[in-house]
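> Structure supplied as my_file.csv; contents: CSV, C-alpha atoms.
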chain,number,residue,atom,x,y,z
A,668,MET,CA,15.5,-2.8,1.6
A,669,SER,CA,14.7,-1.7,5.1
A,670,ASP,CA,11.3,-2.5,6.6
A,671,GLU,CA,11.1,1.0,8.2
A,672,TYR,CA,9.2,3.9,6.8
A,673,THR,CA,8.2,7.4,8.1
A,674,THR,CA,4.7,8.8,8.1
A,675,ILE,CA,2.7,11.2,10.1
A,676,SER,CA,0.6,10.1,13.1
A,677,GLY,CA,-1.8,13.1,13.1
A,678,GLU,CA,-2.7,16.2,11.1
A,679,GLY,CA,-0.7,19.3,10.6
A,680,ASP,CA,-1.6,22.7,9.2
A,681,GLY,CA,0.1,25.8,8.1
A,682,ARG,CA,-0.6,29.4,7.0
A,683,HIS,CA,1.4,31.3,4.4
A,684,THR,CA,0.9,34.7,2.7
A,685,GLU,CA,2.5,35.8,-0.5
A,686,LYS,CA,1.7,39.2,-2.1
A,687,MET,CA,-1.8,39.2,-0.6
A,688,SER,CA,-2.6,35.6,-1.7
A,689,ARG,CA,-3.4,33.4,1.4
A,690,PHE,CA,-2.3,29.8,1.4
A,691,LEU,CA,-3.8,27.4,4.0
A,692,SER,CA,-2.2,24.0,4.1
A,693,PHE,CA,-3.2,20.7,5.6
A,694,ALA,CA,-1.4,17.4,6.0
A,695,PHE,CA,-3.4,14.2,6.7
A,696,PRO,CA,-2.3,10.6,7.4
A,697,VAL,CA,-3.8,8.3,4.8
A,698,THR,CA,-3.1,4.7,3.6
A,699,THR,CA,-5.1,4.6,0.3
A,700,ALA,CA,-5.8,6.7,-2.7
A,701,ASP,CA,-9.5,6.8,-1.7
A,702,GLY,CA,-8.5,8.0,1.7
A,703,ALA,CA,-6.5,10.8,0.2
A,704,LYS,CA,-9.3,11.8,-2.1
A,705,ASP,CA,-11.7,11.9,0.8
A,706,ALA,CA,-9.4,14.2,2.7
A,707,VAL,CA,-9.2,16.5,-0.4
A,708,ALA,CA,-13.0,16.4,-0.7
A,709,SER,CA,-13.4,17.4,2.9
A,710,VAL,CA,-11.1,20.4,2.6
A,711,THR,CA,-12.8,21.3,-0.7
A,712,ARG,CA,-16.2,21.4,1.1
A,713,ARG,CA,-14.9,23.5,3.9
A,714,TYR,CA,-13.1,26.0,1.7
A,715,HIS,CA,-15.6,25.9,-1.3
A,716,ASP,CA,-15.1,29.7,-1.9
A,717,ALA,CA,-11.3,29.3,-2.6
A,718,ARG,CA,-9.8,30.0,-6.0
A,719,HIS,CA,-7.6,26.9,-6.0
A,720,ILE,CA,-7.3,23.7,-3.9
A,721,CYS,CA,-4.2,21.9,-4.9
A,722,TRP,CA,-2.8,18.6,-3.5
A,723,ALA,CA,-0.4,15.7,-3.6
A,724,TYR,CA,-0.1,12.4,-1.9
A,725,MET,CA,2.5,9.6,-1.4
A,726,LEU,CA,1.5,6.1,-0.5
A,727,GLY,CA,3.0,2.7,0.5
A,728,PRO,CA,6.1,1.7,2.5
A,729,GLU,CA,8.2,1.7,-0.6
A,730,ARG,CA,6.8,5.2,-1.6
A,731,GLN,CA,5.8,4.0,-5.1
A,732,VAL,CA,2.3,5.5,-5.4
A,733,SER,CA,2.0,9.2,-5.8
A,734,MET,CA,-0.3,11.7,-7.4
A,735,SER,CA,-0.5,15.5,-7.5
A,736,ASN,CA,-3.0,18.1,-8.9
A,737,ASP,CA,-2.6,21.7,-9.8
A,738,ASN,CA,-6.3,22.4,-9.8
A,739,GLY,CA,-6.2,25.2,-12.4
A,740,GLU,CA,-2.8,26.7,-11.5
A,741,PRO,CA,-0.2,26.7,-14.3
A,742,SER,CA,1.0,23.1,-14.8
A,743,GLY,CA,3.7,22.1,-12.3
A,744,THR,CA,3.4,25.1,-10.1
A,745,ALA,CA,1.3,23.6,-7.3
A,746,GLY,CA,1.0,19.8,-7.1
A,747,LYS,CA,4.6,19.2,-8.0
A,748,PRO,CA,6.1,21.4,-5.3
A,749,ILE,CA,3.7,20.0,-2.7
A,750,LEU,CA,4.9,16.5,-3.7
A,751,GLY,CA,8.4,17.7,-3.6
A,752,GLN,CA,8.0,18.7,0.1
A,753,ILE,CA,6.6,15.2,0.9
A,754,ASN,CA,9.7,13.8,-0.7
A,755,SER,CA,12.0,16.3,1.2
A,756,PHE,CA,10.6,15.0,4.5
A,757,GLY,CA,10.9,11.4,3.3
A,758,LEU,CA,7.3,10.7,4.2
A,759,THR,CA,4.7,8.3,2.9
A,760,ASP,CA,1.0,7.5,3.6
A,761,VAL,CA,0.3,11.2,3.6
A,762,VAL,CA,-1.7,13.8,1.6
A,763,VAL,CA,-1.1,17.5,1.7
A,764,VAL,CA,-3.8,19.9,0.5
A,765,VAL,CA,-3.1,23.6,-0.1
A,766,VAL,CA,-6.0,26.1,-0.4
A,767,ARG,CA,-5.2,29.4,-2.1
A,768,TYR,CA,-7.2,32.6,-1.8
A,769,PHE,CA,-6.1,34.9,-4.6
A,770,GLY,CA,-5.0,38.3,-3.4
A,771,GLY,CA,-5.2,40.2,-6.7
A,772,ILE,CA,-1.5,40.2,-7.5
A,773,LYS,CA,-0.2,37.5,-9.8
A,774,LEU,CA,2.8,35.6,-8.4
A,775,GLY,CA,4.3,34.2,-11.6
A,776,THR,CA,5.5,30.7,-12.1
A,777,SER,CA,8.5,30.9,-9.7
A,778,GLY,CA,6.4,32.7,-7.1
A,779,LEU,CA,3.6,30.1,-7.2
A,780,ILE,CA,6.1,27.2,-6.9
A,781,ALA,CA,7.8,28.9,-3.9
A,782,ALA,CA,4.5,29.7,-2.2
A,783,TYR,CA,3.0,26.2,-2.6
A,784,ARG,CA,6.3,24.7,-1.5
A,785,GLU,CA,6.4,26.8,1.7
A,786,ALA,CA,2.8,26.2,2.5
A,787,ALA,CA,3.3,22.4,2.2
A,788,ARG,CA,6.5,22.6,4.3
A,789,LEU,CA,4.6,24.3,7.1
A,790,ALA,CA,1.9,21.7,7.2
A,791,LEU,CA,4.3,18.8,7.2
A,792,GLU,CA,6.5,20.4,9.8
A,793,ALA,CA,3.5,20.8,12.1
A,794,ALA,CA,2.4,17.2,11.7
A,795,PRO,CA,3.7,14.6,14.3
A,796,LYS,CA,6.0,12.1,12.6
A,797,VAL,CA,6.3,8.4,13.4
A,798,VAL,CA,8.5,5.5,12.2
A,799,ARG,CA,6.5,2.4,11.3
A,800,HIS,CA,7.5,-1.0,10.1
A,801,VAL,CA,6.3,-3.2,7.2
A,802,GLU,CA,4.9,-6.3,8.7
A,803,ALA,CA,4.8,-9.9,7.4
A,804,SER,CA,1.9,-12.2,8.3
A,805,MET,CA,2.1,-15.9,8.7
A,806,ALA,CA,-0.6,-18.5,9.4
A,807,PHE,CA,0.0,-22.1,10.6
A,808,THR,CA,-1.6,-25.1,12.2
A,809,PHE,CA,-0.1,-27.3,14.9
A,810,PRO,CA,-1.1,-30.2,17.1
A,811,TYR,CA,-2.3,-29.5,20.7
A,812,VAL,CA,0.8,-31.3,22.1
A,813,SER,CA,3.0,-28.5,20.6
A,814,VAL,CA,1.0,-25.6,22.2
A,815,ASN,CA,3.8,-24.7,24.7
A,816,ASP,CA,6.5,-24.6,22.1
A,817,VAL,CA,4.4,-22.4,19.8
A,818,MET,CA,3.3,-20.1,22.7
A,819,LYS,CA,7.0,-19.5,23.7
A,820,LEU,CA,7.7,-18.3,20.2
A,821,ILE,CA,4.7,-16.1,19.5
A,822,LYS,CA,4.6,-14.4,23.0
A,823,GLN,CA,8.0,-12.8,22.2
A,824,PRO,CA,8.1,-8.9,21.9
A,825,GLY,CA,7.4,-7.8,18.4
A,826,VAL,CA,5.0,-10.6,17.5
A,827,THR,CA,1.3,-9.7,17.2
A,828,THR,CA,-1.2,-12.5,17.4
A,829,ASP,CA,-4.2,-11.9,15.2
A,830,GLU,CA,-5.9,-15.3,15.6
A,831,LEU,CA,-5.3,-18.2,17.9
A,832,THR,CA,-7.5,-21.3,18.1
A,833,PHE,CA,-7.0,-24.3,20.5
A,834,ASP,CA,-8.6,-27.6,19.5
A,835,ASN,CA,-7.5,-31.0,18.4
A,836,ALA,CA,-5.8,-29.2,15.6
A,837,CYS,CA,-4.7,-25.7,16.7
A,838,SER,CA,-4.2,-22.7,14.4
A,839,ALA,CA,-2.7,-19.2,14.6
A,840,ARG,CA,-2.1,-16.1,12.5
A,841,VAL,CA,0.6,-13.7,13.6
A,842,ARG,CA,2.4,-10.6,12.4
A,843,ILE,CA,6.0,-9.5,12.8
A,844,ARG,CA,8.4,-7.0,11.3
A,845,ARG,CA,9.3,-8.1,7.9
A,846,ASP,CA,13.0,-8.0,8.7
A,847,ASP,CA,12.4,-10.5,11.6
A,848,ALA,CA,9.9,-12.8,9.7
A,849,ASP,CA,12.4,-15.3,8.3
A,850,ARG,CA,13.9,-16.0,11.7
A,851,LEU,CA,10.5,-16.6,13.3
A,852,ARG,CA,9.4,-18.8,10.4
A,853,SER,CA,12.5,-20.8,10.8
A,854,ARG,CA,12.0,-21.3,14.5
A,855,LEU,CA,8.3,-22.2,14.1
A,856,GLY,CA,9.3,-24.6,11.4
A,857,ASP,CA,11.3,-26.6,14.1
A,858,VAL,CA,8.1,-27.2,16.1
A,859,ASP,CA,6.8,-30.8,15.8
A,860,GLY,CA,3.8,-31.1,13.5
A,861,LEU,CA,3.6,-27.4,12.7
A,862,THR,CA,2.5,-26.6,9.1
A,863,PHE,CA,2.4,-23.2,7.5
A,864,VAL,CA,-0.9,-22.4,5.7
A,865,ASP,CA,0.3,-19.5,3.5
When written as structure tokens, how does the structure in this file appear?


Amino acid sequence: MSDEYTTISGEGDGRHTEKMSRFLSFAFPVTTADGAKDAVASVTRRYHDARHICWAYMLGPERQVSMSNDNGEPSGTAGKPILGQINSFGLTDVVVVVVRYFGGIKLGTSGLIAAYREAARLALEAAPKVVRHVEASMAFTFPYVSVNDVMKLIKQPGVTTDELTFDNACSARVRIRRDDADRLRSRLGDVDGLTFVD
């Protein structure tokens, strides 16, 4: 499985009108269910007079955590098509919220599905996309005499150093793309006296 995933790096919004009903849509980058719920709550406070505020989110690099809500619309006519658009764009770590102001004309099941789908699409289309990588973290200790060997390896492009301590016994914690982690771990393992902590 690839260590790459696509998300949004900023917000996007859209406007859609269907038979007098107005749909306002918003896409937000989030990394947790609580973050997604906070985004929904924020939109709900702002548009407290709306008839329906429906949403869906997808989380995690493997895109395994998702949830959707129809907020009073007929079951499957709002949250599911919103989630469907997140899937169509192949995105994760995103929540899409669609606010509906009822225009007096009923849209029917297929009309609602199409309207929520289109509103979600517009918000996601407007949001800036970014490809990110799943990272692996490794921590290790090493003797001071091996500092130069370790520094050569962890100063390479793609390696992020989170912690680095120089003393009689030195220690470090680094992050690297998951796909490159085994190679770095193997090369670090060749350094005299280096021991992995985790």

> Using all atoms listed in the file, can you list as number ranges by chain the residues within 12 Å of (6.0, 13.5, 2.6)?

A: 672-675, 679, 694-697, 722-728, 730, 732-734, 748-764, 784, 787-792, 794-797

> Which distance in Å separates CA of Gly860 (chain A) and CA of Val801 (chain A), to one decimal?

28.7 Å

> Rounded to one decimal in Å, what is the spacing between CA of Tyr811 (chain A) and CA of Ser838 (chain A)?

9.5 Å

> Nearest to Val858 (chain A) among A:Ser777, A:Ser813, A:Asn738, A:Thr808, with distances taken over all atoms listed in the file: which residue is it?

A:Ser813

> Could you tell me which of A:Arg718, A:Val765, A:Asp834, A:Ile780 comes closest to Pro741 (chain A) if we count all atoms listed in the file?

A:Ile780

> To one decimal place in Å, what is the distance between CA of Ala708 (chain A) and CA of Asp737 (chain A)?

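The value is 14.8 Å.
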
> For Val812 (chain A), which residue among A:Tyr768, A:Thr827, A:Ala848, A:Asn835 is the nearest when counting only C-alpha atoms?

A:Asn835
